[in-house]
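Asks: Just one file: my_file.cif, with mmCIF, C-alpha atoms.
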data_run
#
loop_
_atom_site.group_PDB
_atom_site.id
_atom_site.type_symbol
_atom_site.label_atom_id
_atom_site.label_comp_id
_atom_site.auth_asym_id
_atom_site.auth_seq_id
_atom_site.Cartn_x
_atom_site.Cartn_y
_atom_site.Cartn_z
ATOM 1 C CA MET A 150 42.603 -73.337 -18.526
ATOM 2 C CA HIS A 151 39.335 -75.174 -19.045
ATOM 3 C CA GLU A 152 37.968 -73.762 -15.770
ATOM 4 C CA ILE A 153 38.955 -70.223 -16.761
ATOM 5 C CA ASN A 154 37.060 -70.554 -20.047
ATOM 6 C CA GLN A 155 34.037 -71.883 -18.178
ATOM 7 C CA LEU A 156 34.133 -68.934 -15.770
ATOM 8 C CA ARG A 157 34.328 -66.512 -18.679
ATOM 9 C CA SER A 158 31.350 -68.233 -20.308
ATOM 10 C CA VAL A 159 29.342 -68.061 -17.076
ATOM 11 C CA LYS A 160 30.186 -64.368 -16.650
ATOM 12 C CA TRP A 161 28.929 -63.616 -20.152
ATOM 13 C CA GLN A 162 25.740 -65.591 -19.489
ATOM 14 C CA LEU A 163 25.135 -63.681 -16.270
ATOM 15 C CA ARG A 164 25.734 -60.380 -18.013
ATOM 16 C CA GLY A 165 23.307 -61.369 -20.762
ATOM 17 C CA ALA A 166 20.613 -62.356 -18.254
ATOM 18 C CA ALA A 167 21.095 -59.133 -16.292
ATOM 19 C CA THR A 168 20.880 -57.083 -19.511
ATOM 20 C CA ILE A 169 17.620 -58.767 -20.524
ATOM 21 C CA ILE A 170 16.032 -58.217 -17.076
ATOM 22 C CA LEU A 171 17.140 -54.572 -17.010
ATOM 23 C CA SER A 172 15.877 -53.959 -20.559
ATOM 24 C CA VAL A 173 12.444 -55.399 -19.790
ATOM 25 C CA SER A 174 12.093 -53.282 -16.644
ATOM 26 C CA LEU A 175 13.098 -50.104 -18.515
ATOM 27 C CA LEU A 176 10.833 -50.758 -21.499
ATOM 28 C CA ALA A 177 7.767 -51.642 -19.426
ATOM 29 C CA PRO A 178 6.481 -48.029 -19.060
ATOM 30 C CA ALA A 179 6.854 -47.403 -22.805
ATOM 31 C CA LEU A 180 5.020 -50.602 -23.640
ATOM 32 C CA ALA A 181 2.235 -49.621 -21.268
ATOM 33 C CA GLN A 182 1.745 -46.326 -23.119
ATOM 34 C CA GLN A 183 1.576 -48.035 -26.516
ATOM 35 C CA ALA A 184 -0.670 -50.959 -25.613
ATOM 36 C CA PRO A 185 -3.903 -50.766 -27.671
ATOM 37 C CA GLY A 186 -6.052 -51.815 -24.694
ATOM 38 C CA SER A 187 -4.641 -49.174 -22.377
ATOM 39 C CA ILE A 188 -6.423 -46.267 -20.716
ATOM 40 C CA ARG A 189 -5.163 -42.801 -21.627
ATOM 41 C CA LEU A 190 -5.649 -39.686 -19.550
ATOM 42 C CA SER A 191 -6.032 -36.333 -21.280
ATOM 43 C CA PRO A 192 -2.672 -34.562 -21.748
ATOM 44 C CA GLU A 193 -3.680 -31.925 -19.196
ATOM 45 C CA ASP A 194 -4.594 -34.552 -16.586
ATOM 46 C CA GLU A 195 -1.529 -36.655 -17.351
ATOM 47 C CA GLY A 196 0.656 -33.701 -16.438
ATOM 48 C CA ARG A 197 -0.980 -32.850 -13.107
ATOM 49 C CA GLY A 198 1.609 -32.728 -10.372
ATOM 50 C CA LEU A 199 1.518 -32.718 -6.591
ATOM 51 C CA GLY A 200 -1.153 -30.380 -5.283
ATOM 52 C CA GLY A 201 -2.561 -29.830 -8.787
ATOM 53 C CA PRO A 202 -6.150 -28.909 -9.694
ATOM 54 C CA GLN A 203 -8.883 -31.060 -8.160
ATOM 55 C CA HIS A 204 -11.380 -31.129 -11.033
ATOM 56 C CA ASN A 205 -12.462 -34.496 -12.463
ATOM 57 C CA PHE A 206 -10.066 -36.479 -14.650
ATOM 58 C CA ASP A 207 -10.875 -37.139 -18.317
ATOM 59 C CA PHE A 208 -9.782 -40.380 -19.972
ATOM 60 C CA LEU A 209 -9.964 -42.410 -23.162
ATOM 61 C CA ALA A 210 -11.360 -45.881 -22.536
ATOM 62 C CA PRO A 211 -9.513 -48.916 -23.977
ATOM 63 C CA GLY A 212 -10.034 -48.990 -27.742
ATOM 64 C CA ALA A 213 -11.284 -45.382 -27.916
ATOM 65 C CA SER A 214 -9.460 -42.853 -30.057
ATOM 66 C CA GLY A 215 -9.506 -39.208 -31.027
ATOM 67 C CA ASP A 216 -11.011 -36.739 -28.586
ATOM 68 C CA ASN A 217 -13.691 -39.060 -27.207
ATOM 69 C CA TYR A 218 -12.669 -38.378 -23.635
ATOM 70 C CA GLN A 219 -15.089 -39.156 -20.834
ATOM 71 C CA THR A 220 -15.046 -37.963 -17.256
ATOM 72 C CA ALA A 221 -13.892 -40.324 -14.533
ATOM 73 C CA GLY A 222 -16.389 -38.809 -12.082
ATOM 74 C CA PHE A 223 -15.753 -37.045 -8.788
ATOM 75 C CA PHE A 224 -14.639 -40.248 -7.036
ATOM 76 C CA GLY A 225 -13.266 -41.934 -10.185
ATOM 77 C CA GLN A 226 -16.328 -44.198 -10.197
ATOM 78 C CA LYS A 227 -16.706 -44.180 -13.996
ATOM 79 C CA LEU A 228 -13.170 -45.494 -14.348
ATOM 80 C CA ARG A 229 -13.700 -48.375 -11.908
ATOM 81 C CA PRO A 230 -15.407 -50.822 -14.365
ATOM 82 C CA TYR A 231 -12.370 -50.674 -16.666
ATOM 83 C CA LEU A 232 -10.000 -51.521 -13.801
ATOM 84 C CA ALA A 233 -11.983 -54.574 -12.660
ATOM 85 C CA GLY A 234 -9.693 -57.556 -12.122
ATOM 86 C CA ASN A 235 -6.600 -55.470 -11.411
ATOM 87 C CA ALA A 236 -6.262 -55.428 -7.615
ATOM 88 C CA ASP A 237 -3.333 -52.989 -7.586
ATOM 89 C CA ALA A 238 -5.119 -50.452 -9.808
ATOM 90 C CA LEU A 239 -8.316 -50.735 -7.741
ATOM 91 C CA ALA A 240 -6.335 -50.184 -4.527
ATOM 92 C CA HIS A 241 -4.960 -46.907 -5.931
ATOM 93 C CA LEU A 242 -8.444 -45.894 -7.053
ATOM 94 C CA ASP A 243 -9.769 -46.602 -3.543
ATOM 95 C CA GLU A 244 -7.070 -44.275 -2.171
ATOM 96 C CA TYR A 245 -8.196 -41.615 -4.652
ATOM 97 C CA ARG A 246 -11.824 -42.000 -3.518
ATOM 98 C CA ARG A 247 -10.744 -41.739 0.139
ATOM 99 C CA GLN A 248 -8.812 -38.524 -0.505
ATOM 100 C CA LYS A 249 -11.733 -37.027 -2.445
ATOM 101 C CA THR A 250 -14.059 -37.891 0.457
ATOM 102 C CA PHE A 251 -11.729 -36.068 2.850
ATOM 103 C CA PHE A 252 -11.678 -33.125 0.434
ATOM 104 C CA LEU A 253 -15.489 -33.002 0.338
ATOM 105 C CA ILE A 254 -15.790 -33.150 4.148
ATOM 106 C CA ASP A 255 -13.142 -30.448 4.447
ATOM 107 C CA ARG A 256 -15.079 -28.157 2.080
ATOM 108 C CA LEU A 257 -18.295 -28.673 4.060
ATOM 109 C CA VAL A 258 -16.492 -27.813 7.309
ATOM 110 C CA ALA A 259 -15.044 -24.646 5.749
ATOM 111 C CA VAL A 260 -18.404 -23.481 4.384
ATOM 112 C CA GLY A 261 -20.153 -24.329 7.657
ATOM 113 C CA SER A 262 -17.660 -22.393 9.799
ATOM 114 C CA PHE A 263 -17.839 -19.405 7.438
ATOM 115 C CA GLY A 264 -21.641 -19.460 7.620
ATOM 116 C CA LEU A 265 -21.557 -19.667 11.423
ATOM 117 C CA TYR A 266 -19.299 -16.628 11.580
ATOM 118 C CA GLY A 267 -21.662 -14.620 9.366
ATOM 119 C CA GLN A 268 -24.730 -15.702 11.338
ATOM 120 C CA GLN A 269 -23.165 -14.421 14.562
ATOM 121 C CA ILE A 270 -22.676 -10.892 13.218
ATOM 122 C CA LEU A 271 -26.334 -9.930 13.727
ATOM 123 C CA ALA A 272 -27.389 -12.721 16.087
ATOM 124 C CA HIS A 273 -27.668 -10.447 19.123
ATOM 125 C CA GLY A 274 -29.043 -7.243 17.569
ATOM 126 C CA ASP A 275 -25.848 -5.229 17.431
ATOM 127 C CA ARG A 276 -23.130 -6.081 14.955
ATOM 128 C CA VAL A 277 -20.516 -8.363 16.525
ATOM 129 C CA TYR A 278 -17.365 -9.438 14.718
ATOM 130 C CA PHE A 279 -15.226 -11.258 17.248
ATOM 131 C CA ASN A 280 -17.241 -12.964 19.977
ATOM 132 C CA SER A 281 -16.222 -16.371 21.339
ATOM 133 C CA THR A 282 -18.328 -18.289 18.804
ATOM 134 C CA GLN A 283 -16.825 -16.313 15.932
ATOM 135 C CA GLN A 284 -13.323 -16.956 17.251
ATOM 136 C CA VAL A 285 -14.008 -20.696 17.176
ATOM 137 C CA ALA A 286 -15.476 -20.381 13.650
ATOM 138 C CA ILE A 287 -12.377 -18.510 12.455
ATOM 139 C CA GLY A 288 -10.104 -21.173 13.990
ATOM 140 C CA VAL A 289 -12.051 -24.006 12.352
ATOM 141 C CA PHE A 290 -12.016 -22.195 8.993
ATOM 142 C CA ALA A 291 -8.245 -21.603 9.170
ATOM 143 C CA THR A 292 -7.639 -25.239 10.139
ATOM 144 C CA SER A 293 -9.785 -26.361 7.222
ATOM 145 C CA LEU A 294 -7.767 -24.271 4.762
ATOM 146 C CA LEU A 295 -4.541 -25.745 6.103
ATOM 147 C CA ALA A 296 -5.938 -29.275 5.908
ATOM 148 C CA THR A 297 -6.865 -28.672 2.262
ATOM 149 C CA VAL A 298 -3.186 -28.256 1.365
ATOM 150 C CA PHE A 299 -2.273 -31.649 2.829
ATOM 151 C CA ILE A 300 -5.354 -33.440 1.474
ATOM 152 C CA ASN A 301 -4.859 -32.171 -2.068
ATOM 153 C CA ARG A 302 -1.120 -32.746 -2.252
ATOM 154 C CA ASN A 303 -1.218 -36.418 -3.305
ATOM 155 C CA THR A 304 -4.848 -36.881 -4.352
ATOM 156 C CA ASN A 305 -4.254 -36.722 -8.118
ATOM 157 C CA SER A 306 -1.293 -39.091 -8.003
ATOM 158 C CA HIS A 307 -3.510 -41.931 -6.715
ATOM 159 C CA LEU A 308 -5.689 -41.910 -9.830
ATOM 160 C CA GLN A 309 -2.658 -41.559 -12.093
ATOM 161 C CA ARG A 310 -1.081 -44.588 -10.392
ATOM 162 C CA ALA A 311 -4.299 -46.584 -10.871
ATOM 163 C CA VAL A 312 -4.190 -45.939 -14.623
ATOM 164 C CA LYS A 313 -0.449 -46.640 -14.803
ATOM 165 C CA SER A 314 -0.861 -49.949 -12.965
ATOM 166 C CA PHE A 315 -3.669 -51.007 -15.308
ATOM 167 C CA ASN A 316 -1.671 -50.068 -18.412
ATOM 168 C CA GLN A 317 1.395 -51.978 -17.242
ATOM 169 C CA ASP A 318 -0.726 -55.062 -16.717
ATOM 170 C CA VAL A 319 -2.215 -54.702 -20.202
ATOM 171 C CA ALA A 320 1.231 -54.211 -21.765
ATOM 172 C CA HIS A 321 2.475 -57.414 -20.168
ATOM 173 C CA GLY A 322 -0.609 -59.329 -21.197
ATOM 174 C CA GLY A 323 -1.394 -59.831 -17.518
ATOM 175 C CA THR A 324 1.217 -62.588 -17.343
ATOM 176 C CA TRP A 325 4.562 -60.849 -16.892
ATOM 177 C CA GLN A 326 3.827 -59.912 -13.281
ATOM 178 C CA ARG A 327 2.923 -63.517 -12.509
ATOM 179 C CA LEU A 328 6.050 -64.823 -14.276
ATOM 180 C CA GLN A 329 8.351 -62.251 -12.694
ATOM 181 C CA PRO A 330 10.851 -63.871 -10.325
ATOM 182 C CA ALA A 331 10.314 -62.992 -6.681
ATOM 183 C CA ALA A 332 14.064 -62.896 -6.034
ATOM 184 C CA ILE A 333 17.215 -62.700 -8.164
ATOM 185 C CA GLY A 334 20.648 -63.518 -6.852
ATOM 186 C CA PHE A 335 23.737 -65.675 -7.215
ATOM 187 C CA ALA A 336 24.426 -69.178 -5.942
ATOM 188 C CA ALA A 337 27.322 -71.595 -6.149
ATOM 189 C CA ALA A 338 27.129 -74.877 -8.049
ATOM 190 C CA PRO A 339 28.529 -78.060 -6.425
ATOM 191 C CA THR A 340 31.640 -77.567 -8.556
ATOM 192 C CA GLY A 341 32.088 -74.035 -7.188
ATOM 193 C CA GLN A 342 30.964 -72.190 -10.337
ATOM 194 C CA PRO A 343 28.750 -69.105 -9.803
ATOM 195 C CA LEU A 344 25.175 -69.501 -11.020
ATOM 196 C CA LEU A 345 22.371 -67.014 -11.535
ATOM 197 C CA SER A 346 19.660 -67.843 -8.977
ATOM 198 C CA LEU A 347 15.995 -67.090 -9.726
ATOM 199 C CA ARG A 348 13.176 -67.809 -7.317
ATOM 200 C CA TRP A 349 9.437 -67.626 -7.992
ATOM 201 C CA ALA A 350 6.593 -67.308 -5.515
ATOM 202 C CA LEU A 351 3.087 -68.554 -6.151
ATOM 203 C CA ARG A 352 0.705 -65.613 -6.735
#
Please render this file's structure as structure tokens.
Replies:
Amino acid sequence: MHEINQLRSVKWQLRGAATIILSVSLLAPALAQQAPGSIRLSPEDEGRGLGGPQHNFDFLAPGASGDNYQTAGFFGQKLRPYLAGNADALAHLDEYRRQKTFFLIDRLVAVGSFGLYGQQILAHGDRVYFNSTQQVAIGVFATSLLATVFINRNTNSHLQRAVKSFNQDVAHGGTWQRLQPAAIGFAAAPTGQPLLSLRWALR
């Protein structure tokens, strides 16, 4: 009878621990949005989805309020100083910069191939619209347009993830991620009772 009561007690303790862990993980995004030191994107930029517009993001710096939005810059470079010290956020911002670089190169290739096609029209005196050089230019231009679709699909999400990662760190005071257990499981005590097992890794 005593062992049954102990098992019931352990089960309730495990349920309580699991409830606390689940609650913290579910509330983390909300806390990140409400943290006073967080970065806020403009409502329009916050709602950009996959393949959305590629214009610069606008954001409110930590502590700013109202409509004092500032641009993040073409590569997000004006946002970078605020993310300093957050390796995860900076990694996402680096991905955003890489995608924007690909986008810029792709635009230059498209404009260059279009210009080459136009130059060939009167290059030999008579008007020519489909010589071998123009065929190559058309192929390069079409490939560039197709590449644009793939380049732009996830570009915006990288900057949004950078801001989200920063805000989560601010909401947790920068310590929750370091205190988070690396693994959660169950183990058996020497007496055979189930125990909640938590393991931490040095970070």
Asks: Please expand the PyMOL selection byres ((chain A and resi 260) around 12) into the concrete residues it hits in this file, giving the result as a count of residues only.
Replies: 21
Asks: Measure the distance from atom CA of A:Gly215 to atom CA of A:Tyr231 in Å and round it to one decimal.
Replies: 18.6 Å
Asks: Which residues match the PyMOL selection byres ((chain A and resi 310) around 10) in the file above, as a PyMOL selection string?
Replies: chain A and resi 237-242+245+305-309+311-316
Asks: Which residue out of A:Ser187, A:Gln248, A:Gly288, A:Phe279 has the minimum interatomic distance to A:Gly212 when all atoms listed in the file are used?
Replies: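 Among A:Ser187, A:Gln248, A:Gly288, A:Phe279, it is A:Ser187 that comes nearest to A:Gly212.
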Asks: Rounded to one decimal, what separation in Å do you get between atom CA of A:Gly200 and atom CA of A:Asn301?
Replies: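 A separation of 5.2 Å between them.
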Asks: How big is the axis-aligned box around the listed atoms of stretch 290-300 of chain A once 4 Å is added on each side, and where is its centre? Give both in Å to one decimal, as lines of an AutoDock Vina configuration file.
Replies:
center_x = -7.1
center_y = -27.5
center_z = 5.8
size_x = 17.7
size_y = 19.8
size_z = 16.8
Asks: Just to confirm, what's the straight-line distance from atom CA of A:Gln269 to atom CA of A:Ser281 in Å (one decimal)?
Replies: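 Going from atom CA of A:Gln269 over to atom CA of A:Ser281 covers 9.9 Å.
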Asks: So that I can check the surroundings of A:Thr220, please list as a PyMOL selection string every protein, DNA and RNA residue that reaches within 7 Å of it, counting all atoms listed in the file and ignoring chain neighbours fewer than 2 positions away.
Replies: chain A and resi 205-208+218+222
